[in-house]
Structures are given as structure tokens and as C-alpha cells.
file entry-v6.cif (mmCIF, C-alpha atoms)
data_final
#
loop_
_atom_site.group_PDB
_atom_site.id
_atom_site.type_symbol
_atom_site.label_atom_id
_atom_site.label_comp_id
_atom_site.auth_asym_id
_atom_site.auth_seq_id
_atom_site.Cartn_x
_atom_site.Cartn_y
_atom_site.Cartn_z
ATOM 1 C CA MET S 147 19.240 -26.928 6.784
ATOM 2 C CA LYS S 148 16.601 -26.156 9.407
ATOM 3 C CA THR S 149 14.154 -28.723 10.764
ATOM 4 C CA PHE S 150 10.766 -28.077 12.347
ATOM 5 C CA TYR S 151 8.389 -30.572 13.954
ATOM 6 C CA SER S 152 4.767 -30.462 15.141
ATOM 7 C CA HIS S 153 2.554 -33.017 16.863
ATOM 8 C CA GLY S 154 -0.741 -34.307 15.543
ATOM 9 C CA LYS S 155 -3.963 -33.882 17.512
ATOM 10 C CA LEU S 156 -7.099 -35.520 18.852
ATOM 11 C CA LEU S 157 -10.008 -33.756 20.537
ATOM 12 C CA ILE S 158 -11.248 -36.012 23.332
ATOM 13 C CA THR S 159 -14.097 -33.748 24.487
ATOM 14 C CA GLY S 160 -15.732 -30.579 23.225
ATOM 15 C CA GLU S 161 -16.036 -31.178 19.498
ATOM 16 C CA TYR S 162 -18.071 -28.396 17.898
ATOM 17 C CA ALA S 163 -18.871 -26.789 21.271
ATOM 18 C CA VAL S 164 -15.258 -25.639 21.646
ATOM 19 C CA LEU S 165 -16.010 -23.113 18.886
ATOM 20 C CA ASP S 166 -18.503 -21.415 21.200
ATOM 21 C CA GLY S 167 -16.381 -21.333 24.325
ATOM 22 C CA ALA S 168 -16.748 -24.799 25.833
ATOM 23 C CA LYS S 169 -13.726 -26.149 27.685
ATOM 24 C CA ALA S 170 -12.318 -29.036 25.649
ATOM 25 C CA LEU S 171 -9.832 -31.780 26.431
ATOM 26 C CA ALA S 172 -7.244 -32.358 23.707
ATOM 27 C CA ILE S 173 -4.140 -34.481 23.318
ATOM 28 C CA PRO S 174 -1.094 -34.233 21.075
ATOM 29 C CA THR S 175 -0.303 -37.525 19.362
ATOM 30 C CA LYS S 176 2.917 -39.440 18.970
ATOM 31 C CA TYR S 177 2.399 -39.042 15.240
ATOM 32 C CA GLY S 178 3.360 -35.676 13.755
ATOM 33 C CA GLN S 179 4.930 -33.941 10.778
ATOM 34 C CA GLU S 180 8.473 -32.758 10.108
ATOM 35 C CA MET S 181 9.519 -29.963 7.765
ATOM 36 C CA GLN S 182 13.046 -29.419 6.475
ATOM 37 C CA VAL S 183 14.064 -26.133 4.878
ATOM 38 C CA GLU S 184 17.205 -25.596 2.817
ATOM 39 C CA THR S 185 18.272 -22.341 1.191
ATOM 40 C CA THR S 186 19.172 -22.567 -2.502
ATOM 41 C CA ASP S 187 20.447 -20.288 -5.224
ATOM 42 C CA LYS S 188 17.350 -20.962 -7.309
ATOM 43 C CA HIS S 189 14.531 -18.457 -7.257
ATOM 44 C CA GLY S 190 11.285 -19.499 -5.525
ATOM 45 C CA ILE S 191 10.261 -22.508 -3.476
ATOM 46 C CA SER S 192 10.703 -26.130 -4.487
ATOM 47 C CA TRP S 193 8.248 -28.191 -2.429
ATOM 48 C CA THR S 194 8.055 -31.935 -1.811
ATOM 49 C CA SER S 195 5.545 -33.615 0.515
ATOM 50 C CA LEU S 196 6.329 -37.162 1.668
ATOM 51 C CA ASP S 197 3.852 -39.575 3.220
ATOM 52 C CA GLU S 198 4.473 -41.929 6.134
ATOM 53 C CA ARG S 199 6.172 -44.398 3.767
ATOM 54 C CA GLY S 200 8.586 -41.752 2.499
ATOM 55 C CA GLU S 201 6.871 -41.580 -0.882
ATOM 56 C CA ALA S 202 6.187 -38.216 -2.513
ATOM 57 C CA TRP S 203 2.479 -37.441 -2.717
ATOM 58 C CA PHE S 204 2.869 -33.820 -3.812
ATOM 59 C CA GLU S 205 5.567 -31.874 -5.639
ATOM 60 C CA GLY S 206 5.410 -28.292 -6.780
ATOM 61 C CA ASN S 207 7.421 -25.184 -7.525
ATOM 62 C CA PHE S 208 6.332 -21.663 -6.603
ATOM 63 C CA ILE S 209 7.847 -18.296 -7.475
ATOM 64 C CA LEU S 210 7.398 -14.861 -5.973
ATOM 65 C CA LYS S 211 6.075 -12.396 -8.529
ATOM 66 C CA GLU S 212 4.836 -8.905 -7.737
ATOM 67 C CA ASN S 213 4.914 -9.750 -4.017
ATOM 68 C CA ASN S 214 2.699 -12.812 -4.467
ATOM 69 C CA PHE S 215 3.508 -16.517 -4.693
ATOM 70 C CA ILE S 216 2.264 -18.182 -7.886
ATOM 71 C CA PRO S 217 2.821 -21.706 -9.255
ATOM 72 C CA LYS S 218 5.769 -22.035 -11.601
ATOM 73 C CA GLU S 219 3.841 -24.665 -13.537
ATOM 74 C CA ASP S 220 0.116 -24.737 -14.292
ATOM 75 C CA LYS S 221 -1.532 -26.331 -11.260
ATOM 76 C CA THR S 222 -4.948 -24.710 -11.505
ATOM 77 C CA ASN S 223 -6.713 -28.040 -10.997
ATOM 78 C CA ASP S 224 -4.564 -29.205 -8.083
ATOM 79 C CA PRO S 225 -6.329 -28.504 -4.741
ATOM 80 C CA THR S 226 -3.150 -29.215 -2.763
ATOM 81 C CA ALA S 227 -1.208 -26.615 -4.729
ATOM 82 C CA SER S 228 -4.027 -24.105 -4.258
ATOM 83 C CA ARG S 229 -4.156 -24.634 -0.489
ATOM 84 C CA LEU S 230 -0.387 -24.478 -0.174
ATOM 85 C CA LEU S 231 -0.321 -21.218 -2.141
ATOM 86 C CA GLU S 232 -2.990 -19.830 0.170
ATOM 87 C CA ILE S 233 -0.871 -20.710 3.218
ATOM 88 C CA LEU S 234 2.362 -19.345 1.736
ATOM 89 C CA ASN S 235 0.776 -16.048 0.724
ATOM 90 C CA ALA S 236 -0.939 -15.660 4.103
ATOM 91 C CA ALA S 237 2.378 -16.403 5.831
ATOM 92 C CA LYS S 238 4.135 -13.872 3.604
ATOM 93 C CA ASP S 239 1.566 -11.241 4.585
ATOM 94 C CA LEU S 240 2.304 -11.914 8.260
ATOM 95 C CA ASN S 241 6.049 -11.546 7.695
ATOM 96 C CA ASN S 242 6.414 -9.636 4.450
ATOM 97 C CA ARG S 243 10.116 -8.961 4.951
ATOM 98 C CA PHE S 244 11.157 -12.607 5.035
ATOM 99 C CA PHE S 245 10.858 -13.559 1.372
ATOM 100 C CA SER S 246 12.601 -11.951 -1.574
ATOM 101 C CA GLU S 247 12.583 -12.679 -5.274
ATOM 102 C CA GLU S 248 16.298 -13.485 -5.118
ATOM 103 C CA GLN S 249 16.191 -16.077 -2.320
ATOM 104 C CA GLY S 250 15.186 -19.676 -2.953
ATOM 105 C CA TYR S 251 14.175 -22.567 -0.683
ATOM 106 C CA LYS S 252 13.897 -26.314 -0.955
ATOM 107 C CA ILE S 253 11.226 -27.551 1.456
ATOM 108 C CA THR S 254 10.492 -31.180 2.284
ATOM 109 C CA THR S 255 7.689 -32.241 4.605
ATOM 110 C CA LYS S 256 7.362 -35.743 6.031
ATOM 111 C CA LEU S 257 4.206 -37.095 7.663
ATOM 112 C CA GLU S 258 4.372 -39.818 10.301
ATOM 113 C CA PHE S 259 0.729 -40.775 9.790
ATOM 114 C CA ASN S 260 -1.611 -41.472 6.912
ATOM 115 C CA ARG S 261 -2.855 -38.081 5.707
ATOM 116 C CA ASN S 262 -6.415 -39.440 5.581
ATOM 117 C CA TRP S 263 -6.415 -40.108 9.323
ATOM 118 C CA GLY S 264 -7.385 -36.571 10.287
ATOM 119 C CA LEU S 265 -4.626 -36.244 12.887
ATOM 120 C CA GLY S 266 -3.598 -32.815 11.629
ATOM 121 C CA SER S 267 -1.748 -32.856 8.317
ATOM 122 C CA SER S 268 -2.883 -29.235 7.864
ATOM 123 C CA SER S 269 -2.402 -27.960 11.421
ATOM 124 C CA THR S 270 1.079 -29.477 11.729
ATOM 125 C CA LEU S 271 2.006 -27.847 8.421
ATOM 126 C CA ILE S 272 0.621 -24.486 9.542
ATOM 127 C CA ASN S 273 2.567 -24.672 12.785
ATOM 128 C CA ASN S 274 5.807 -25.708 11.069
ATOM 129 C CA ILE S 275 5.575 -22.867 8.555
ATOM 130 C CA ALA S 276 4.806 -20.414 11.366
ATOM 131 C CA SER S 277 7.840 -21.655 13.327
ATOM 132 C CA TRP S 278 10.046 -21.258 10.270
ATOM 133 C CA LEU S 279 8.897 -17.694 9.585
ATOM 134 C CA ASN S 280 8.624 -16.716 13.276
ATOM 135 C CA ILE S 281 4.957 -15.739 13.001
ATOM 136 C CA ASP S 282 1.879 -16.479 15.106
ATOM 137 C CA ALA S 283 0.538 -19.901 14.085
ATOM 138 C CA PHE S 284 -2.934 -19.068 15.383
ATOM 139 C CA ARG S 285 -3.106 -15.997 13.136
ATOM 140 C CA LEU S 286 -1.908 -18.039 10.169
ATOM 141 C CA LEU S 287 -4.628 -20.608 10.875
ATOM 142 C CA GLU S 288 -7.234 -17.838 11.091
ATOM 143 C CA LYS S 289 -6.157 -16.489 7.687
ATOM 144 C CA THR S 290 -6.318 -19.934 6.051
ATOM 145 C CA PHE S 291 -8.255 -22.904 7.440
ATOM 146 C CA GLY S 292 -10.006 -21.300 10.403
ATOM 147 C CA GLY S 293 -11.421 -23.304 13.306
ATOM 148 C CA SER S 294 -11.017 -23.139 17.067
ATOM 149 C CA GLY S 295 -7.226 -23.366 17.057
ATOM 150 C CA TYR S 296 -6.993 -26.328 19.436
ATOM 151 C CA ASP S 297 -5.107 -28.246 16.728
ATOM 152 C CA ILE S 298 -2.408 -25.564 16.646
ATOM 153 C CA ALA S 299 -2.146 -25.763 20.438
ATOM 154 C CA ALA S 300 -1.744 -29.542 20.161
ATOM 155 C CA ALA S 301 1.027 -29.107 17.603
ATOM 156 C CA GLN S 302 2.956 -27.133 20.224
ATOM 157 C CA GLN S 303 2.205 -29.163 23.355
ATOM 158 C CA ASP S 304 3.860 -32.273 24.762
ATOM 159 C CA SER S 305 1.038 -33.446 27.038
ATOM 160 C CA ALA S 306 -2.747 -33.400 27.338
ATOM 161 C CA PHE S 307 -4.293 -29.976 27.817
ATOM 162 C CA THR S 308 -7.594 -28.168 28.143
ATOM 163 C CA TYR S 309 -8.464 -25.583 25.534
ATOM 164 C CA GLN S 310 -11.045 -22.842 25.831
ATOM 165 C CA LEU S 311 -11.882 -19.737 23.837
ATOM 166 C CA ASN S 312 -12.996 -16.590 25.653
ATOM 167 C CA GLN S 313 -13.842 -13.659 23.389
ATOM 168 C CA GLY S 314 -11.433 -14.961 20.784
ATOM 169 C CA GLN S 315 -8.569 -15.518 23.221
ATOM 170 C CA ALA S 316 -7.407 -19.090 23.775
ATOM 171 C CA SER S 317 -6.674 -20.525 27.206
ATOM 172 C CA VAL S 318 -4.323 -23.518 27.041
ATOM 173 C CA LEU S 319 -3.701 -25.338 30.321
ATOM 174 C CA ASN S 320 -1.610 -28.473 30.755
ATOM 175 C CA SER S 321 -3.603 -31.388 32.153
ATOM 176 C CA HIS S 322 -2.983 -34.967 33.158
ATOM 177 C CA PHE S 323 -5.003 -37.485 31.190
ATOM 178 C CA GLU S 324 -3.640 -40.984 31.549
ATOM 179 C CA PRO S 325 -6.416 -42.975 33.220
ATOM 180 C CA ASP S 326 -5.731 -46.188 35.116
ATOM 181 C CA PHE S 327 -7.941 -48.020 32.616
ATOM 182 C CA LYS S 328 -6.015 -46.768 29.559
ATOM 183 C CA ASP S 329 -5.364 -50.366 28.481
ATOM 184 C CA ARG S 330 -9.127 -50.584 27.857
ATOM 185 C CA LEU S 331 -9.143 -47.574 25.508
ATOM 186 C CA PHE S 332 -8.282 -47.590 21.823
ATOM 187 C CA PHE S 333 -8.836 -45.566 18.667
ATOM 188 C CA VAL S 334 -10.471 -46.816 15.469
ATOM 189 C CA PHE S 335 -10.156 -45.119 12.076
ATOM 190 C CA LEU S 336 -13.505 -45.073 10.278
ATOM 191 C CA ASN S 337 -11.912 -45.508 6.839
ATOM 192 C CA GLN S 338 -12.878 -42.020 5.710
ATOM 193 C CA LYS S 339 -11.588 -38.513 6.300
ATOM 194 C CA GLN S 340 -13.977 -35.870 7.587
ATOM 195 C CA ASN S 341 -13.953 -32.398 6.040
ATOM 196 C CA SER S 342 -13.534 -30.041 9.018
ATOM 197 C CA ARG S 343 -14.887 -27.008 7.206
ATOM 198 C CA GLU S 344 -18.050 -28.839 6.186
ATOM 199 C CA ALA S 345 -18.502 -30.199 9.721
ATOM 200 C CA ILE S 346 -18.200 -26.711 11.214
ATOM 201 C CA ALA S 347 -20.598 -25.256 8.625
ATOM 202 C CA HIS S 348 -23.155 -27.948 9.479
ATOM 203 C CA TYR S 349 -22.866 -27.133 13.176
ATOM 204 C CA ARG S 350 -23.238 -23.408 12.518
ATOM 205 C CA ASN S 351 -26.433 -24.048 10.585
ATOM 206 C CA GLN S 352 -28.157 -25.666 13.577
ATOM 207 C CA PRO S 353 -30.483 -23.712 15.935
ATOM 208 C CA ARG S 354 -28.427 -21.550 18.281
ATOM 209 C CA GLU S 355 -30.818 -20.814 21.150
ATOM 210 C CA ASN S 356 -29.346 -23.380 23.567
ATOM 211 C CA ILE S 357 -25.649 -22.857 22.799
ATOM 212 C CA ASN S 358 -24.819 -21.407 26.229
ATOM 213 C CA ILE S 359 -26.383 -24.398 27.966
ATOM 214 C CA LEU S 360 -24.487 -26.775 25.677
ATOM 215 C CA THR S 361 -21.126 -25.129 26.330
ATOM 216 C CA GLU S 362 -21.674 -25.151 30.087
ATOM 217 C CA LYS S 363 -22.569 -28.839 30.092
ATOM 218 C CA ILE S 364 -19.660 -29.812 27.857
ATOM 219 C CA SER S 365 -17.243 -27.803 30.007
ATOM 220 C CA GLY S 366 -18.524 -29.655 33.055
ATOM 221 C CA LEU S 367 -18.118 -33.015 31.336
ATOM 222 C CA THR S 368 -14.553 -32.146 30.369
ATOM 223 C CA GLU S 369 -13.720 -31.619 34.038
ATOM 224 C CA GLN S 370 -15.361 -34.938 34.884
ATOM 225 C CA PHE S 371 -13.380 -36.743 32.160
ATOM 226 C CA LEU S 372 -10.194 -35.485 33.788
ATOM 227 C CA LYS S 373 -11.246 -36.644 37.255
ATOM 228 C CA CYS S 374 -12.707 -39.996 36.187
ATOM 229 C CA GLU S 375 -11.207 -42.951 38.086
ATOM 230 C CA ASN S 376 -12.904 -46.025 36.611
ATOM 231 C CA LEU S 377 -14.022 -47.340 33.247
ATOM 232 C CA GLU S 378 -17.698 -47.589 34.145
ATOM 233 C CA GLU S 379 -17.874 -43.884 34.980
ATOM 234 C CA PHE S 380 -15.851 -43.054 31.864
ATOM 235 C CA GLN S 381 -18.323 -44.933 29.671
ATOM 236 C CA LEU S 382 -21.208 -43.056 31.263
ATOM 237 C CA LEU S 383 -19.488 -39.748 30.549
ATOM 238 C CA ILE S 384 -19.000 -40.806 26.921
ATOM 239 C CA GLU S 385 -22.700 -41.560 26.580
ATOM 240 C CA LEU S 386 -23.671 -38.202 28.099
ATOM 241 C CA HIS S 387 -21.272 -36.326 25.837
ATOM 242 C CA GLU S 388 -22.466 -38.174 22.721
ATOM 243 C CA THR S 389 -26.089 -37.422 23.572
ATOM 244 C CA LEU S 390 -25.431 -33.697 24.003
ATOM 245 C CA ILE S 391 -23.493 -33.320 20.752
ATOM 246 C CA SER S 392 -25.929 -35.510 18.834
ATOM 247 C CA LYS S 393 -28.739 -33.106 19.702
ATOM 248 C CA ALA S 394 -26.585 -30.064 18.957
ATOM 249 C CA VAL S 395 -25.561 -31.174 15.460
ATOM 250 C CA ASN S 396 -28.758 -33.086 14.674
ATOM 251 C CA LEU S 397 -26.846 -36.235 13.750
ATOM 252 C CA PRO S 398 -27.128 -39.781 15.120
ATOM 253 C CA LYS S 399 -24.449 -41.091 17.439
ATOM 254 C CA ILE S 400 -21.753 -43.138 15.735
ATOM 255 C CA LYS S 401 -22.734 -46.198 17.781
ATOM 256 C CA THR S 402 -26.378 -45.874 16.756
ATOM 257 C CA ARG S 403 -25.508 -45.388 13.095
ATOM 258 C CA LEU S 404 -22.751 -47.939 12.536
ATOM 259 C CA PHE S 405 -22.168 -50.147 15.575
ATOM 260 C CA PRO S 406 -25.445 -50.685 17.470
ATOM 261 C CA ASP S 407 -24.397 -54.165 18.624
ATOM 262 C CA PHE S 408 -21.039 -53.077 20.056
ATOM 263 C CA SER S 409 -20.842 -53.944 23.760
ATOM 264 C CA GLY S 410 -18.562 -51.070 24.798
ATOM 265 C CA SER S 411 -18.874 -47.313 24.492
ATOM 266 C CA LEU S 412 -17.945 -45.226 21.453
ATOM 267 C CA LYS S 413 -17.165 -41.552 21.117
ATOM 268 C CA SER S 414 -16.699 -39.484 17.984
ATOM 269 C CA LEU S 415 -13.612 -37.272 17.957
ATOM 270 C CA GLY S 416 -13.641 -34.009 16.019
ATOM 271 C CA GLY S 417 -16.081 -33.693 13.114
ATOM 272 C CA TRP S 418 -18.722 -36.409 13.274
ATOM 273 C CA GLY S 419 -18.804 -38.962 10.481
ATOM 274 C CA GLY S 420 -15.134 -39.650 9.873
ATOM 275 C CA ASP S 421 -11.577 -39.839 11.162
ATOM 276 C CA PHE S 422 -11.020 -41.640 14.490
ATOM 277 C CA ILE S 423 -13.407 -42.704 17.217
ATOM 278 C CA LEU S 424 -12.536 -43.589 20.801
ATOM 279 C CA ALA S 425 -13.685 -47.061 21.892
ATOM 280 C CA THR S 426 -13.666 -48.955 25.178
ATOM 281 C CA GLY S 427 -12.893 -52.637 25.617
ATOM 282 C CA GLY S 428 -10.155 -55.237 25.296
ATOM 283 C CA GLN S 429 -8.886 -57.476 22.503
ATOM 284 C CA GLU S 430 -12.343 -58.909 21.852
ATOM 285 C CA ALA S 431 -13.673 -55.396 21.304
ATOM 286 C CA GLN S 432 -10.858 -54.629 18.861
ATOM 287 C CA GLN S 433 -11.596 -57.837 16.971
ATOM 288 C CA TYR S 434 -15.205 -56.684 16.591
ATOM 289 C CA PHE S 435 -14.019 -53.774 14.444
ATOM 290 C CA ARG S 436 -11.559 -55.859 12.436
ATOM 291 C CA LYS S 437 -14.371 -58.227 11.473
ATOM 292 C CA LYS S 438 -16.271 -55.223 10.140
ATOM 293 C CA GLY S 439 -13.332 -54.072 8.000
ATOM 294 C CA TYR S 440 -11.901 -51.396 10.287
ATOM 295 C CA ASN S 441 -8.272 -52.451 10.482
ATOM 296 C CA THR S 442 -6.603 -49.249 11.661
ATOM 297 C CA ILE S 443 -6.815 -49.713 15.416
ATOM 298 C CA ILE S 444 -4.373 -47.902 17.700
ATOM 299 C CA PRO S 445 -4.205 -48.499 21.467
ATOM 300 C CA PHE S 446 -4.415 -45.430 23.696
ATOM 301 C CA SER S 447 -0.800 -45.711 24.883
ATOM 302 C CA LYS S 448 0.538 -45.877 21.304
ATOM 303 C CA MET S 449 -1.457 -42.872 20.122
ATOM 304 C CA ILE S 450 -1.097 -40.191 22.781
ATOM 305 C CA LEU S 451 2.141 -38.435 23.521
#

call {"tool": "encode", "arguments": {"input": "entry-v6.cif", "output": "C-alpha cells"}}
result
Amino acid sequence: MKTFYSHGKLLITGEYAVLDGAKALAIPTKYGQEMQVETTDKHGISWTSLDERGEAWFEGNFILKENNFIPKEDKTNDPTASRLLEILNAAKDLNNRFFSEEQGYKITTKLEFNRNWGLGSSSTLINNIASWLNIDAFRLLEKTFGGSGYDIAAAQQDSAFTYQLNQGQASVLNSHFEPDFKDRLFFVFLNQKQNSREAIAHYRNQPRENINILTEKISGLTEQFLKCENLEEFQLLIELHETLISKAVNLPKIKTRLFPDFSGSLKSLGGWGGDFILATGGQEAQQYFRKKGYNTIIPFSKMIL
């Protein structure tokens, strides 16, 4: 049996703008996904996906027929099966000598986080499959989900890093991001998962004339986030970043829309409107969110690797 593991991800700065070349700050999370692969004498792939409680949330069987994976059972209405087939067939195309109609595999994946959290259930899977088949995870992402690729970089890193695209080539540089005021930072799940593809499509549909200015400003803010030495400055940087992205995507800031009376600062992470936000403050600030029904609150030190 072979075991593969990938870290989850959070994009601290550069959401949306990273697609156009802005330097972004990203962190791998302590939560990730494991994948175990066993060879069997049964034709095809037997797949089981386990959630963070160890309970199966997806099971399926796929066979290779005429050099293409197809479901063994009728799963035409199952979006998970369809996406998994897309990944398997794209992976097969990138390493077409790996699979054969005679060889079988039993694959079990295990998430360490709720799959609705948006920490990378897809990117960790992509990276694990790529590691198993010895193919380029970034190419596999490009052939399936798309996006900037920072989430694949996070799956492979063990510390904070900056991520920047330049003519399609990714620059990944290790960085130190563990501010002295980290005990005043925490993450709040907004009780809904954001669709990354829809978020990117919305961004792409906005006016493009000031994209270069946006990417330059966001890149500069990323550098300032890394150098920031006190909470007051950090909160100012959050406000500046939120203002820039709000204008770029033509959406209200999360604080304006949902938490106008919150005393600290709030920053959306990734696609706006769902998943986690970064908040500043102590226990009283965390209690503010619990009173509003947001009970998934993770301190900075328990989230980042």
C-alpha cells in the first residue's frame, strides 16, 4: 500500500489578482488530505472517500474501457463521480502508460477538514493523484479545475510562501509569516462554500482596463503584509486590500455586507462570499461571531502549518 498526503490552503493576499500576475501570500494549513492506494486483482478502480469523521461520503467503481475510464455503475447524475472521472482521465492522458485494463486499484481518501470549508478538497486530491502517477500536478490542475495554481503549491509546501504567475510560469518562494500578534488573528467559516469557478468567472467579467494597476498595488501590499510588525498596521493593510478587491470585483466588502458593527478588521480569503475570512481581535471578537451563528472559529496558530 502506498500513502500520499497534501496540505490544504488559504490565500492571505492576492485573491483574484493572482490570476493576472499579482504577488500573493499563501499558507498551507495543518488540515490536509491523505490518499491510500492498494493494488488488487480486480479490474478497474474501487474508490472510497472518507470525511473528517471517517465516514464514507462517496463510493464508486470505475473501469478502463477503450483507453478511457467509465463508471462501472450508472452515476450519470452524480457530480462527484463526474469530476473524479474527469481527473482520472486527465491524469491517464498525462501518463498513459501507467494504467492497464488488467491492473486494479483500491483507493481510499481521507479528509482532515470539512469538505465544505474550502481548504482544498480538490487541490489536495489533484496533488495526491499527481504524486501517485508521477505527473505534474499543475498540468493536471490546468486540464481539470483550472485556476492560478497557488493551491497546488500550498499542497506541496510546509511553510508560508509567495506565489506569482509570470507569463504562465509560477514563482513559489518560501516566506516567513508568523506575526507577533498572531494570537489576535483567527479564521471564521461563513457557513457556506464558495464555488471557485463561478468566482473566477465573475472576476473575468469585470472591466479590465485597470488590471495592471491592481496587480501592482496588490503585489506591494503583499510585501507589506510580510513586513508588518504590529496589529494596527496589519488592520490598515487589510482595509486597503479589501477596498482594492471590492472595486475590482464590484462586490461589497464582507464587513460592510455582513458584519458592519464588528470592531476589528475582516478580510475575505479566496473567492468572495464564502469559505473562511480572516478576523482580528481576542476572545470577545470570537464571541461576536458565535452569537451570530458562526461557530467554526479557528485560531491562527491552529490553522497554519

call {"tool": "resolve_selection", "arguments": {"input": "entry-v6.cif", "expression": "the PyMOL selection byres ((chain S and resi 329-346) around 7)", "output": "number ranges by chain"}}
result
S: 162, 262-264, 327-328, 347-350, 417, 419-428, 440, 442-446

call {"tool": "atom_distance", "arguments": {"input": "entry-v6.cif", "atom1": "atom CA of S:Thr402", "atom2": "atom CA of S:Leu390"}}
result
14.2 Å

call {"tool": "residues_around", "arguments": {"input": "entry-v6.cif", "residues": "S:Ser277", "least_positions_apart": "3", "cutoff": "10 Å", "atoms": "only C-alpha atoms", "output": "ChimeraX atom specification"}}
result
/S:149-152,271-274,280-283

call {"tool": "resolve_selection", "arguments": {"input": "entry-v6.cif", "expression": "the PyMOL selection byres ((chain S and resi 289-294) around 8)", "output": "list of chain:residue names"}}
result
S:Val164, S:Leu165, S:Glu232, S:Ile233, S:Ala236, S:Arg285, S:Leu286, S:Leu287, S:Glu288, S:Gly295, S:Tyr296, S:Asp297, S:Leu311, S:Arg343, S:Ile346

call {"tool": "atom_distance", "arguments": {"input": "entry-v6.cif", "atom1": "atom CA of S:Ile364", "atom2": "atom CA of S:Ala172"}}
result
13.3 Å

call {"tool": "resolve_selection", "arguments": {"input": "entry-v6.cif", "expression": "the PyMOL selection byres ((chain S and resi 174-184) around 8)", "output": "number ranges by chain"}}
result
S: 147-156, 172-173, 185-186, 251-259, 265-267, 270-271, 274, 300-301, 303-306, 448-451

call {"tool": "atom_distance", "arguments": {"input": "entry-v6.cif", "atom1": "atom CA of S:Ile400", "atom2": "atom CA of S:Pro353"}}
result
21.3 Å

call {"tool": "residues_around", "arguments": {"input": "entry-v6.cif", "residues": "S:Leu319", "least_positions_apart": "3", "cutoff": "8 Å", "atoms": "all atoms listed in the file", "output": "PyMOL selection string"}}
result
chain S and resi 307-309

call {"tool": "closest_residue", "arguments": {"input": "entry-v6.cif", "among": "S:Ser414, S:Asn260, S:Gln302, S:Gln352", "to": "S:Glu201", "atoms": "all atoms listed in the file"}}
result
S:Asn260

call {"tool": "closest_residue", "arguments": {"input": "entry-v6.cif", "among": "S:Pro406, S:Gln310, S:Gly190, S:Gln315", "to": "S:Thr361", "atoms": "all atoms listed in the file"}}
result
S:Gln310

call {"tool": "closest_residue", "arguments": {"input": "entry-v6.cif", "among": "S:Asp187, S:Glu198, S:Asp166, S:Leu157", "to": "S:Glu362", "atoms": "all atoms listed in the file"}}
result
S:Asp166

call {"tool": "axis_aligned_box", "arguments": {"input": "entry-v6.cif", "around": "stretch 268-274 of chain S", "padding_each_side": "8 Å", "output": "JSON"}}
result
{"center_x": 1.5, "center_y": -27.0, "center_z": 10.3, "size_x": 24.7, "size_y": 21.0, "size_z": 20.9}

call {"tool": "residues_around", "arguments": {"input": "entry-v6.cif", "residues": "S:Asn242", "least_positions_apart": "5", "cutoff": "12 Å", "atoms": "all atoms listed in the file", "output": "ChimeraX atom specification"}}
result
/S:210,213-215,234-237,247,279-281

call {"tool": "closest_residue", "arguments": {"input": "entry-v6.cif", "among": "S:Pro217, S:Gly410, S:Pro398, S:Gly366", "to": "S:Gln381", "atoms": "only C-alpha atoms"}}
result
S:Gly410

call {"tool": "residues_around", "arguments": {"input": "entry-v6.cif", "residues": "S:Leu382", "least_positions_apart": "3", "cutoff": "12 Å", "atoms": "only C-alpha atoms", "output": "PyMOL selection string"}}
result
chain S and resi 367+370-371+374+376-379+385-389+410-413+426

call {"tool": "closest_residue", "arguments": {"input": "entry-v6.cif", "among": "S:Ala163, S:Leu231, S:Leu415, S:Leu171", "to": "S:Ile191", "atoms": "only C-alpha atoms"}}
result
S:Leu231

call {"tool": "build_atoms", "arguments": {"input": "entry-v6.cif", "residues": "stretch 307-311 of chain S", "atoms": "all heavy atoms", "output": "tab-separated table (two decimals), in the coordinates of the input"}}
result
chain	number	residue	atom	x	y	z
S	307	PHE	N	-4.01	-31.34	27.38
S	307	PHE	CA	-4.29	-29.98	27.82
S	307	PHE	C	-5.77	-29.67	27.64
S	307	PHE	O	-6.48	-30.32	26.86
S	307	PHE	CB	-3.45	-28.97	27.02
S	307	PHE	CG	-3.72	-28.97	25.55
S	307	PHE	CD1	-4.59	-28.07	24.96
S	307	PHE	CD2	-3.07	-29.89	24.72
S	307	PHE	CE1	-4.84	-28.07	23.59
S	307	PHE	CE2	-3.30	-29.90	23.34
S	307	PHE	CZ	-4.19	-28.99	22.78
S	308	THR	N	-6.24	-28.68	28.39
S	308	THR	CA	-7.59	-28.17	28.14
S	308	THR	C	-7.46	-26.91	27.30
S	308	THR	O	-6.48	-26.17	27.39
S	308	THR	CB	-8.34	-27.85	29.45
S	308	THR	OG1	-7.61	-26.87	30.19
S	308	THR	CG2	-8.55	-29.11	30.27
S	309	TYR	N	-8.48	-26.70	26.48
S	309	TYR	CA	-8.46	-25.58	25.53
S	309	TYR	C	-9.81	-24.89	25.58
S	309	TYR	O	-10.86	-25.55	25.49
S	309	TYR	CB	-8.19	-26.10	24.12
S	309	TYR	CG	-8.02	-25.01	23.08
S	309	TYR	CD1	-6.78	-24.44	22.85
S	309	TYR	CD2	-9.11	-24.54	22.34
S	309	TYR	CE1	-6.61	-23.45	21.90
S	309	TYR	CE2	-8.95	-23.54	21.40
S	309	TYR	CZ	-7.70	-23.01	21.18
S	309	TYR	OH	-7.54	-22.02	20.24
S	310	GLN	N	-9.79	-23.58	25.73
S	310	GLN	CA	-11.04	-22.84	25.83
S	310	GLN	C	-10.88	-21.45	25.24
S	310	GLN	O	-9.89	-20.77	25.48
S	310	GLN	CB	-11.49	-22.74	27.29
S	310	GLN	CG	-12.90	-22.18	27.47
S	310	GLN	CD	-13.40	-22.34	28.90
S	310	GLN	OE1	-12.61	-22.41	29.84
S	310	GLN	NE2	-14.70	-22.42	29.07
S	311	LEU	N	-11.87	-21.07	24.44
S	311	LEU	CA	-11.88	-19.74	23.84
S	311	LEU	C	-12.75	-18.80	24.67
S	311	LEU	O	-13.86	-19.17	25.06
S	311	LEU	CB	-12.44	-19.80	22.41
S	311	LEU	CG	-11.59	-20.52	21.36
S	311	LEU	CD1	-12.34	-20.63	20.04
S	311	LEU	CD2	-10.25	-19.82	21.16
